[in-house]
file input.tsv (TSV, C-alpha atoms)
chain	number	residue	atom	x	y	z
A	60	MET	CA	2.23	-10.98	58.94
A	61	SER	CA	-1.46	-11.61	58.28
A	62	ASP	CA	-2.45	-14.22	55.72
A	63	LEU	CA	-4.10	-11.58	53.58
A	64	LYS	CA	-0.97	-9.43	53.47
A	65	ALA	CA	1.19	-12.41	52.56
A	66	LYS	CA	-1.31	-13.31	49.86
A	67	ILE	CA	-1.23	-9.79	48.41
A	68	LYS	CA	2.58	-9.82	48.37
A	69	THR	CA	2.69	-13.14	46.56
A	70	LEU	CA	0.10	-11.84	44.11
A	71	ILE	CA	2.21	-8.74	43.43
A	72	ILE	CA	5.38	-10.78	42.87
A	73	GLU	CA	3.72	-13.31	40.57
A	74	THR	CA	1.52	-10.90	38.63
A	75	LEU	CA	4.28	-8.38	38.00
A	76	ASP	CA	7.10	-10.92	37.44
A	77	LEU	CA	9.31	-9.46	40.16
A	78	GLU	CA	11.90	-12.17	39.70
A	79	ASP	CA	14.40	-10.95	42.30
A	80	VAL	CA	11.88	-9.99	45.01
A	81	SER	CA	10.60	-12.27	47.78
A	82	VAL	CA	7.62	-11.85	50.14
A	83	GLU	CA	10.02	-10.85	52.95
A	84	ASP	CA	11.44	-8.01	50.82
A	85	ILE	CA	8.15	-6.12	50.70
A	86	GLN	CA	7.43	-4.01	53.80
A	87	ASP	CA	3.82	-3.55	54.89
A	88	ASP	CA	4.11	0.23	55.09
A	89	GLU	CA	6.47	0.75	52.16
A	90	ALA	CA	5.25	2.68	49.10
A	91	LEU	CA	4.48	0.25	46.28
A	92	PHE	CA	4.87	2.78	43.50
A	93	VAL	CA	7.77	4.93	42.32
A	94	ASP	CA	10.01	5.40	45.41
A	95	GLY	CA	9.39	2.20	47.36
A	96	LEU	CA	9.07	-1.01	45.42
A	97	GLY	CA	9.42	0.97	42.18
A	98	LEU	CA	6.22	-0.08	40.44
A	99	ASP	CA	4.76	2.09	37.66
A	100	SER	CA	1.38	2.95	36.15
A	101	ILE	CA	1.19	-0.20	33.99
A	102	ASP	CA	1.82	-2.23	37.15
A	103	ALA	CA	-1.04	-0.39	38.84
A	104	LEU	CA	-3.42	-1.48	36.08
A	105	GLU	CA	-2.08	-5.04	36.09
A	106	LEU	CA	-2.31	-5.28	39.88
A	107	GLY	CA	-5.81	-3.79	39.85
A	108	LEU	CA	-6.90	-6.48	37.40
A	109	ALA	CA	-5.30	-9.25	39.48
A	110	ILE	CA	-6.99	-8.00	42.68
A	111	LYS	CA	-10.30	-7.75	40.88
A	112	LYS	CA	-9.98	-11.35	39.68
A	113	THR	CA	-8.53	-12.86	42.87
A	114	PHE	CA	-10.75	-11.14	45.45
A	115	ASN	CA	-13.74	-10.43	43.24
A	116	ILE	CA	-13.67	-6.72	44.01
A	117	LYS	CA	-14.74	-3.86	41.79
A	118	ILE	CA	-12.16	-1.08	41.52
A	119	ASP	CA	-12.89	2.41	40.25
A	120	ALA	CA	-9.83	3.23	38.14
A	121	ASN	CA	-10.43	6.98	38.12
A	122	SER	CA	-11.11	7.73	41.75
A	123	GLU	CA	-8.68	9.49	44.08
A	124	GLU	CA	-9.67	6.97	46.76
A	125	THR	CA	-8.29	4.13	44.64
A	126	LYS	CA	-4.93	5.85	44.51
A	127	LYS	CA	-4.83	5.86	48.32
A	128	HIS	CA	-5.78	2.18	48.51
A	129	PHE	CA	-2.84	1.26	46.30
A	130	ASN	CA	-0.34	3.16	48.41
A	131	SER	CA	1.04	0.25	50.44
A	132	ILE	CA	0.40	-3.34	51.49
A	133	ASN	CA	-1.34	-2.03	54.62
A	134	SER	CA	-3.76	0.17	52.71
A	135	LEU	CA	-4.43	-2.51	50.09
A	136	SER	CA	-5.25	-5.17	52.67
A	137	GLU	CA	-7.58	-2.74	54.49
A	138	PHE	CA	-9.33	-1.94	51.23
A	139	ILE	CA	-9.74	-5.63	50.35
A	140	GLU	CA	-11.06	-6.53	53.83
A	141	GLN	CA	-13.65	-3.74	53.65
A	142	ASN	CA	-14.90	-4.74	50.23
A	143	GLN	CA	-14.99	-8.51	50.37
B	273	MET	CA	16.25	-4.85	-7.38
B	274	ASP	CA	20.00	-5.04	-7.18
B	275	PHE	CA	22.20	-3.58	-4.43
B	276	CYS	CA	25.28	-4.15	-2.28
B	277	VAL	CA	25.64	-4.10	1.49
B	278	ASN	CA	28.53	-4.51	3.95
B	279	ILE	CA	27.89	-6.63	6.99
B	280	LYS	CA	30.20	-5.60	9.81
B	281	ASN	CA	28.97	-7.82	12.62
B	282	ILE	CA	26.33	-10.52	13.05
B	283	ILE	CA	24.74	-12.35	15.98
B	284	ILE	CA	22.28	-15.23	15.68
B	285	ILE	CA	20.49	-17.30	18.25
B	286	GLU	CA	18.25	-20.20	17.22
B	287	ALA	CA	16.45	-22.95	19.13
B	288	GLN	CA	18.07	-26.36	18.85
B	289	SER	CA	15.69	-28.85	20.44
B	290	SER	CA	12.89	-30.31	18.30
B	291	VAL	CA	9.40	-31.05	19.48
B	292	VAL	CA	6.36	-32.28	17.54
B	293	ASN	CA	3.66	-29.59	17.41
B	294	VAL	CA	-0.14	-29.95	17.39
B	295	GLU	CA	-0.13	-30.39	13.61
B	296	GLY	CA	2.36	-33.26	13.84
B	297	PHE	CA	5.28	-31.23	12.42
B	298	GLN	CA	8.70	-30.82	13.99
B	299	GLU	CA	9.31	-27.37	15.40
B	300	LYS	CA	12.16	-25.91	17.41
B	301	SER	CA	11.45	-23.61	20.30
B	302	PHE	CA	13.23	-22.44	23.41
B	303	ILE	CA	12.21	-23.66	26.83
B	304	LYS	CA	12.23	-20.90	29.44
B	305	ALA	CA	15.50	-22.05	31.04
B	306	ASP	CA	17.35	-21.84	27.71
B	307	LEU	CA	16.29	-18.27	26.87
B	308	PRO	CA	18.93	-15.53	27.07
B	309	LYS	CA	19.35	-14.27	30.65
B	310	LEU	CA	20.02	-10.64	29.69
B	311	ALA	CA	22.12	-10.04	32.79
B	312	VAL	CA	23.17	-6.62	31.42
B	313	LEU	CA	19.65	-5.29	32.03
B	314	LYS	CA	18.26	-4.25	35.41
B	315	PRO	CA	15.71	-6.67	36.90
B	316	MET	CA	12.97	-4.04	36.57
B	317	GLN	CA	13.76	-3.71	32.84
B	318	ARG	CA	13.99	-7.44	32.33
B	319	ARG	CA	10.84	-8.57	34.04
B	320	ARG	CA	8.35	-7.61	31.33
B	321	LEU	CA	10.31	-9.15	28.47
B	322	SER	CA	8.50	-12.03	26.79
B	323	PRO	CA	10.51	-14.91	25.26
B	324	PHE	CA	10.20	-13.08	21.92
B	325	ALA	CA	11.51	-9.84	23.43
B	326	LYS	CA	14.38	-11.70	25.12
B	327	LEU	CA	15.56	-13.25	21.85
B	328	ALA	CA	15.47	-9.95	19.97
B	329	MET	CA	16.94	-7.92	22.83
B	330	HIS	CA	19.76	-10.38	23.43
B	331	CYS	CA	20.91	-10.18	19.79
B	332	ALA	CA	20.49	-6.41	19.57
B	333	LEU	CA	22.43	-5.69	22.77
B	334	ASP	CA	25.15	-8.19	21.89
B	335	VAL	CA	25.79	-6.89	18.38
B	336	ILE	CA	26.14	-3.25	19.53
B	337	LYS	CA	28.26	-3.91	22.61
B	338	ASP	CA	31.44	-2.44	21.10
B	339	GLU	CA	29.69	0.47	19.38
B	340	THR	CA	30.40	3.93	20.71
B	341	GLN	CA	27.48	5.72	19.07
B	342	ALA	CA	23.74	5.08	19.02
B	343	LEU	CA	22.72	3.53	15.69
B	344	VAL	CA	19.73	4.06	13.46
B	345	SER	CA	17.74	0.83	13.58
B	346	VAL	CA	15.51	-1.42	11.51
B	347	PHE	CA	13.54	-4.07	13.39
B	348	SER	CA	11.71	-6.82	11.57
B	349	SER	CA	9.47	-9.73	12.36
B	350	ARG	CA	7.06	-11.65	10.18
B	351	HIS	CA	4.63	-12.44	13.00
B	352	GLY	CA	5.73	-10.16	15.83
B	353	ASP	CA	5.13	-11.38	19.38
B	354	LEU	CA	2.36	-13.70	18.19
B	355	HIS	CA	2.36	-15.80	21.37
B	356	LYS	CA	1.45	-12.67	23.31
B	357	THR	CA	-1.10	-11.48	20.73
B	358	SER	CA	-2.66	-14.90	20.57
B	359	THR	CA	-3.05	-15.08	24.38
B	360	MET	CA	-4.72	-11.66	24.36
B	361	LEU	CA	-7.09	-12.67	21.55
B	362	HIS	CA	-7.93	-15.83	23.48
B	363	ASP	CA	-8.79	-13.78	26.60
B	364	LEU	CA	-10.87	-11.35	24.55
B	365	ALA	CA	-12.79	-14.20	22.93
B	366	LEU	CA	-13.66	-15.55	26.39
B	367	GLY	CA	-14.84	-12.09	27.47
B	368	GLU	CA	-12.01	-11.73	30.00
B	369	ASP	CA	-10.03	-8.57	30.69
B	370	ILE	CA	-6.70	-8.56	28.89
B	371	SER	CA	-3.41	-7.93	30.65
B	372	PRO	CA	-2.48	-4.21	30.54
B	373	THR	CA	1.21	-5.16	30.52
B	374	ALA	CA	0.78	-7.49	27.56
B	375	PHE	CA	-1.33	-4.89	25.75
B	376	SER	CA	1.20	-2.11	26.30
B	377	LEU	CA	3.94	-4.21	24.70
B	378	SER	CA	1.92	-5.76	21.91
B	379	VAL	CA	2.50	-3.25	19.11
B	380	HIS	CA	4.82	-4.34	16.31
B	381	ASN	CA	7.51	-1.84	17.27
B	382	ALA	CA	7.43	-2.67	21.00
B	383	ILE	CA	10.91	-4.20	20.88
B	384	ALA	CA	12.28	-1.12	19.10
B	385	GLY	CA	10.71	0.99	21.85
B	386	LEU	CA	12.20	-1.06	24.67
B	387	PHE	CA	15.60	-1.29	23.02
B	388	THR	CA	15.85	2.45	22.43
B	389	ILE	CA	14.75	3.19	26.02
B	390	PHE	CA	17.22	0.69	27.51
B	391	THR	CA	20.14	2.01	25.45
B	392	GLN	CA	19.01	5.67	25.51
B	393	ASN	CA	19.09	5.70	21.74
B	394	ARG	CA	17.24	8.61	20.12
B	395	GLN	CA	17.98	7.70	16.51
B	396	ALA	CA	15.28	6.91	13.97
B	397	SER	CA	13.82	3.41	13.98
B	398	THR	CA	11.61	1.50	11.55
B	399	THR	CA	9.83	-1.81	12.10
B	400	VAL	CA	9.09	-3.99	9.10
B	401	SER	CA	6.84	-6.95	8.36
B	402	ALA	CA	6.52	-8.45	4.87
B	403	GLY	CA	5.40	-12.08	5.02
B	404	GLN	CA	8.00	-14.67	4.06
B	405	ASP	CA	10.11	-11.86	2.61
B	406	THR	CA	10.33	-10.00	5.91
B	407	PHE	CA	14.05	-10.41	6.55
B	408	MET	CA	15.07	-9.49	2.99
B	409	MET	CA	12.78	-6.45	3.07
B	410	ALA	CA	14.45	-5.43	6.33
B	411	LEU	CA	17.80	-5.61	4.51
B	412	VAL	CA	16.33	-3.42	1.78
B	413	GLU	CA	15.09	-0.95	4.40
B	414	ALA	CA	18.53	-0.91	6.07
B	415	TYR	CA	20.20	-0.32	2.69
B	416	ILE	CA	17.84	2.58	2.00
B	417	ARG	CA	18.71	4.09	5.38
B	418	LEU	CA	22.43	3.96	4.53
B	419	LYS	CA	21.98	5.17	0.98
B	420	THR	CA	19.71	8.13	1.70
B	421	GLY	CA	20.55	9.13	5.26
B	422	GLN	CA	23.40	10.76	7.07
B	423	HIS	CA	24.36	7.54	8.78
B	424	GLU	CA	27.47	5.41	8.47
B	425	GLN	CA	25.95	2.34	10.10
B	426	VAL	CA	22.54	0.74	10.59
B	427	LEU	CA	21.47	-1.84	13.15
B	428	LEU	CA	19.12	-4.56	11.87
B	429	VAL	CA	17.31	-6.81	14.34
B	430	HIS	CA	15.04	-9.64	13.25
B	431	CYS	CA	13.09	-12.10	15.40
B	432	ASP	CA	10.41	-14.75	14.91
B	433	GLN	CA	9.17	-17.74	16.87
B	434	ALA	CA	7.50	-21.02	16.05
B	435	LEU	CA	3.79	-20.24	15.60
B	436	PRO	CA	1.51	-20.63	18.64
B	437	SER	CA	-0.69	-23.73	18.41
B	438	PRO	CA	-3.89	-22.01	17.14
B	439	TYR	CA	-1.87	-20.87	14.09
B	440	ALA	CA	0.38	-23.92	13.62
B	441	HIS	CA	-1.90	-25.12	10.83
B	442	TYR	CA	-0.92	-22.14	8.65
B	443	ALA	CA	2.84	-22.80	8.73
B	444	ASP	CA	4.47	-22.39	5.29
B	445	GLU	CA	8.11	-22.61	6.38
B	446	LEU	CA	10.07	-24.42	9.09
B	447	GLN	CA	9.09	-23.24	12.54
B	448	ILE	CA	12.17	-22.30	14.55
B	449	ASP	CA	12.54	-19.69	17.31
B	450	HIS	CA	15.29	-17.35	16.18
B	451	GLY	CA	16.74	-13.91	16.71
B	452	VAL	CA	19.41	-12.19	14.62
B	453	ALA	CA	21.10	-8.83	14.74
B	454	LEU	CA	23.53	-7.31	12.28
B	455	ILE	CA	25.32	-4.06	11.74
B	456	LEU	CA	25.45	-2.82	8.17
B	457	THR	CA	28.02	-0.23	7.27
B	458	LYS	CA	28.71	2.16	4.41
B	459	ASP	CA	32.39	1.40	4.71
B	460	ASP	CA	33.41	-1.00	1.91
B	461	PHE	CA	36.54	-2.11	3.75
B	462	THR	CA	34.85	-3.43	6.87
B	463	GLY	CA	33.25	-6.85	7.14
B	464	GLN	CA	31.68	-8.89	4.39
B	465	ARG	CA	30.45	-7.21	1.21
B	466	LEU	CA	27.42	-8.83	-0.39
B	467	SER	CA	25.58	-8.34	-3.64
B	468	ILE	CA	21.83	-8.85	-3.34
B	469	LYS	CA	19.55	-9.36	-6.34
B	470	ARG	CA	15.86	-10.00	-6.59
B	471	VAL	CA	15.41	-12.52	-9.38
B	472	ASN	CA	12.36	-13.82	-11.21
B	473	SER	CA	12.65	-17.55	-10.96
B	474	GLY	CA	10.87	-19.33	-13.79
B	475	SER	CA	10.76	-22.51	-11.76
B	476	LEU	CA	8.52	-21.01	-9.14
B	477	THR	CA	5.02	-22.32	-9.61
B	478	GLY	CA	2.26	-22.01	-7.07
B	479	SER	CA	2.93	-20.91	-3.53
B	480	PRO	CA	5.77	-22.37	-1.47
B	481	ALA	CA	3.12	-23.74	0.89
B	482	ASP	CA	2.20	-26.29	-1.80
B	483	ASP	CA	5.58	-27.95	-1.45
B	484	ASN	CA	5.90	-30.93	0.83
B	485	VAL	CA	9.33	-29.82	1.95
B	486	MET	CA	9.21	-26.72	4.09
B	487	GLU	CA	12.13	-24.31	3.87
B	488	LEU	CA	14.05	-22.36	6.48
B	489	PRO	CA	13.00	-18.83	7.43
B	490	GLN	CA	15.09	-16.32	5.41
B	491	ALA	CA	16.98	-14.91	8.39
B	492	ILE	CA	18.25	-18.35	9.41
B	493	SER	CA	19.36	-19.35	5.87
B	494	PHE	CA	21.11	-16.01	5.53
B	495	CYS	CA	22.97	-16.10	8.85
B	496	ARG	CA	24.01	-19.74	8.63
B	497	TRP	CA	25.41	-19.09	5.16
B	498	LEU	CA	27.15	-15.87	6.12
B	499	ASN	CA	28.76	-17.40	9.21
B	500	GLU	CA	30.22	-20.29	7.24
B	501	PRO	CA	32.83	-18.95	4.77
B	502	SER	CA	33.38	-22.43	3.30
B	503	LYS	CA	29.80	-22.46	1.99
B	504	PRO	CA	29.24	-21.62	-1.70
B	505	LYS	CA	29.73	-18.05	-2.87
B	506	THR	CA	26.07	-17.76	-3.84
B	507	LEU	CA	23.01	-18.19	-1.65
B	508	MET	CA	19.61	-18.71	-3.28
B	509	MET	CA	17.05	-17.73	-0.69
B	510	PRO	CA	14.15	-20.00	0.15
B	511	GLY	CA	11.49	-19.30	-2.47
B	512	HIS	CA	14.32	-18.65	-5.01
B	513	GLN	CA	13.38	-15.00	-5.34
B	514	TRP	CA	16.66	-13.66	-3.97
B	515	LYS	CA	20.26	-14.32	-5.04
B	516	ILE	CA	23.02	-13.25	-2.67
B	517	ASP	CA	26.73	-13.32	-3.56
B	518	ARG	CA	29.82	-12.82	-1.46
B	519	LEU	CA	32.04	-10.15	-3.03
B	520	CYS	CA	35.63	-10.90	-2.09
B	521	ASP	CA	38.55	-8.58	-2.96
B	522	GLU	CA	36.99	-7.48	-6.21
call {"tool": "encode", "arguments": {"input": "input.tsv", "output": "structure tokens"}}
result
Amino acid sequence: MSDLKAKIKTLIIETLDLEDVSVEDIQDDEALFVDGLGLDSIDALELGLAIKKTFNIKIDANSEETKKHFNSINSLSEFIEQNQ
Amino acid sequence: MDFCVNIKNIIIIEAQSSVVNVEGFQEKSFIKADLPKLAVLKPMQRRRLSPFAKLAMHCALDVIKDETQALVSVFSSRHGDLHKTSTMLHDLALGEDISPTAFSLSVHNAIAGLFTIFTQNRQASTTVSAGQDTFMMALVEAYIRLKTGQHEQVLLVHCDQALPSPYAHYADELQIDHGVALILTKDDFTGQRLSIKRVNSGSLTGSPADDNVMELPQAISFCRWLNEPSKPKTLMMPGHQWKIDRLCDE
């Protein structure tokens, strides 16, 4: 697992208070929202804010592209790498 | 104001350990490890609950655990989730973005919302705040619900915490984290029947904050008294504006 992916997973767990979830429980290609990890729209906003603060990245909340970036750990880490 | 209520069931949780706050006063608050665990909820439901929400939710879920029907509810809090509000105001003042999660659960009836979602309760719900009189006004609200509505029982949930440090200076009563929940019923033969009167006390001069001795929050005085049958038949509430009597076999 890359350092960035591990960092994103830890960020998700800490930011969203996922008390019973560990880094190993989150799969790189698993859906973060609804079916996979079970996150919801408030989580999306909270996670967006945390990523913005941690990686100093601007996120457009209304774009369809953003939705795709937040699909999984893989897509999030790609998005962060491209924008750092 | 003069009315009677029947208390069928009551749950109280209050912090026991004292610490000295920024103003040099004793306060009692829960450390994280001592907060209710709420094992009955799913982890995904539990994770967003603040300490305030945990206290209120614990009492509410515990008091209704033997109920077969969803109850109409009255929630009350003098300050609401002020630790959360205060953190958000702090972030705003520094020009930082505020937490969407905190914001979404910061309205005064957030606990009522969560509780009714968790228990799939579609009954009416009111949330009350009325300064030092908050708990008594919640009792009044619950009484009104019973008196005017179609309902046999009402759930009352009250919660308050020791003030966050930026507000500690304004304390006018003892600062103790506490949650209480009670079920009031129309049925005269169940539980404890109480007579409640609002009285004009001639001895009350100035505001209670002028006194050197701070008094207990109303909900704590009420519950401690109710849970201890050996205590006197009459309770004079802090502030001496309310007189409550046990009515036994009359």
call {"tool": "closest_residue", "arguments": {"input": "input.tsv", "among": "A:Gln141, A:Asn115, A:Ser61, A:Ser100", "to": "chain B", "atoms": "only C-alpha atoms"}}
result
A:Ser100
call {"tool": "residues_around", "arguments": {"input": "input.tsv", "residues": "segment 485-499 of chain B", "least_positions_apart": "3", "cutoff": "8 Å", "atoms": "all atoms listed in the file", "output": "NGL selection string"}}
result
:B and (282 or 284 or 404-408 or 430 or 444-448 or 450 or 452 or 480-481 or 503 or 507 or 509-510)
call {"tool": "interface_residues", "arguments": {"input": "input.tsv", "of": "chain B", "to": "chain A", "cutoff": "12 Å", "atoms": "all atoms listed in the file", "output": "PDB file with C-alpha atoms, in the coordinates of the input"}}
result
ATOM      1  CA  LYS B 309      19.350 -14.270  30.650  1.00  0.00           C
ATOM      2  CA  LYS B 314      18.260  -4.250  35.410  1.00  0.00           C
ATOM      3  CA  PRO B 315      15.710  -6.670  36.900  1.00  0.00           C
ATOM      4  CA  MET B 316      12.970  -4.040  36.570  1.00  0.00           C
ATOM      5  CA  GLN B 317      13.760  -3.710  32.840  1.00  0.00           C
ATOM      6  CA  ARG B 318      13.990  -7.440  32.330  1.00  0.00           C
ATOM      7  CA  ARG B 319      10.840  -8.570  34.040  1.00  0.00           C
ATOM      8  CA  ARG B 320       8.350  -7.610  31.330  1.00  0.00           C
ATOM      9  CA  LEU B 321      10.310  -9.150  28.470  1.00  0.00           C
ATOM     10  CA  SER B 322       8.500 -12.030  26.790  1.00  0.00           C
ATOM     11  CA  GLU B 368     -12.010 -11.730  30.000  1.00  0.00           C
ATOM     12  CA  ASP B 369     -10.030  -8.570  30.690  1.00  0.00           C
ATOM     13  CA  ILE B 370      -6.700  -8.560  28.890  1.00  0.00           C
ATOM     14  CA  SER B 371      -3.410  -7.930  30.650  1.00  0.00           C
ATOM     15  CA  PRO B 372      -2.480  -4.210  30.540  1.00  0.00           C
ATOM     16  CA  THR B 373       1.210  -5.160  30.520  1.00  0.00           C
ATOM     17  CA  ALA B 374       0.780  -7.490  27.560  1.00  0.00           C
ATOM     18  CA  PHE B 375      -1.330  -4.890  25.750  1.00  0.00           C
ATOM     19  CA  SER B 376       1.200  -2.110  26.300  1.00  0.00           C
ATOM     20  CA  LEU B 377       3.940  -4.210  24.700  1.00  0.00           C
TER      21      LEU B 377
END
call {"tool": "atom_distance", "arguments": {"input": "input.tsv", "atom1": "atom CA of Glu424 of chain B", "atom2": "atom CA of Leu386 of chain B"}}
result
23.2 Å
call {"tool": "residues_around", "arguments": {"input": "input.tsv", "residues": "Lys64 of chain A", "least_positions_apart": "6", "cutoff": "12 Å", "atoms": "only C-alpha atoms", "output": "PyMOL selection string"}}
result
chain A and resi 70-71+82-83+85-88+131-140
call {"tool": "atom_distance", "arguments": {"input": "input.tsv", "atom1": "atom CA of Gln288 of chain B", "atom2": "atom CA of Lys300 of chain B"}}
result
6.1 Å
call {"tool": "build_atoms", "arguments": {"input": "input.tsv", "residues": "segment 75-99 of chain A", "atoms": "N, CA and C atoms", "output": "compact mmCIF listing (two decimals), in the frame of the given file"}}
result
# COMPACT_ATOMS: atom_id res chain seq x y z
N LEU A 75 3.41 -9.39 38.62
CA LEU A 75 4.28 -8.38 38.00
C LEU A 75 5.66 -8.93 37.68
N ASP A 76 5.83 -10.26 37.77
CA ASP A 76 7.10 -10.92 37.44
C ASP A 76 8.30 -10.28 38.12
N LEU A 77 8.18 -10.04 39.41
CA LEU A 77 9.31 -9.46 40.16
C LEU A 77 10.28 -10.58 40.52
N GLU A 78 11.10 -10.95 39.55
CA GLU A 78 11.90 -12.17 39.70
C GLU A 78 12.88 -12.17 40.89
N ASP A 79 13.40 -10.99 41.24
CA ASP A 79 14.40 -10.95 42.30
C ASP A 79 13.83 -10.52 43.66
N VAL A 80 12.50 -10.47 43.78
CA VAL A 80 11.88 -9.99 45.01
C VAL A 80 11.17 -11.15 45.72
N SER A 81 11.34 -11.24 47.03
CA SER A 81 10.60 -12.27 47.78
C SER A 81 9.60 -11.59 48.71
N VAL A 82 8.67 -12.38 49.27
CA VAL A 82 7.62 -11.85 50.14
C VAL A 82 8.24 -11.03 51.29
N GLU A 83 9.36 -11.52 51.82
CA GLU A 83 10.02 -10.85 52.95
C GLU A 83 10.58 -9.47 52.56
N ASP A 84 10.86 -9.28 51.28
CA ASP A 84 11.44 -8.01 50.82
C ASP A 84 10.44 -6.86 50.81
N ILE A 85 9.16 -7.19 50.80
CA ILE A 85 8.15 -6.12 50.70
C ILE A 85 7.65 -5.75 52.09
N GLN A 86 7.88 -4.49 52.48
CA GLN A 86 7.43 -4.01 53.80
C GLN A 86 5.96 -3.60 53.72
N ASP A 87 5.25 -3.85 54.85
CA ASP A 87 3.82 -3.55 54.89
C ASP A 87 3.51 -2.07 54.67
N ASP A 88 4.41 -1.20 55.17
CA ASP A 88 4.11 0.23 55.09
C ASP A 88 4.90 0.95 54.00
N GLU A 89 5.63 0.16 53.22
CA GLU A 89 6.47 0.75 52.16
C GLU A 89 5.60 1.16 50.96
N ALA A 90 5.99 2.26 50.30
CA ALA A 90 5.25 2.68 49.10
C ALA A 90 5.45 1.63 48.00
N LEU A 91 4.36 1.25 47.34
CA LEU A 91 4.48 0.25 46.28
C LEU A 91 4.98 0.88 44.98
N PHE A 92 4.57 2.15 44.78
CA PHE A 92 4.87 2.78 43.50
C PHE A 92 6.00 3.79 43.60
N VAL A 93 6.67 3.98 42.49
CA VAL A 93 7.77 4.93 42.32
C VAL A 93 8.90 4.71 43.33
N ASP A 94 8.86 5.39 44.50
CA ASP A 94 10.01 5.40 45.41
C ASP A 94 10.26 4.05 46.09
N GLY A 95 9.20 3.42 46.58
CA GLY A 95 9.39 2.20 47.36
C GLY A 95 9.79 1.02 46.52
N LEU A 96 8.81 0.20 46.19
CA LEU A 96 9.07 -1.01 45.42
C LEU A 96 9.43 -0.67 43.95
N GLY A 97 9.04 0.53 43.52
CA GLY A 97 9.42 0.97 42.18
C GLY A 97 8.44 0.57 41.09
N LEU A 98 7.19 0.29 41.46
CA LEU A 98 6.22 -0.08 40.44
C LEU A 98 5.77 1.16 39.67
N ASP A 99 5.22 0.95 38.47
CA ASP A 99 4.76 2.09 37.66
C ASP A 99 3.28 1.98 37.31
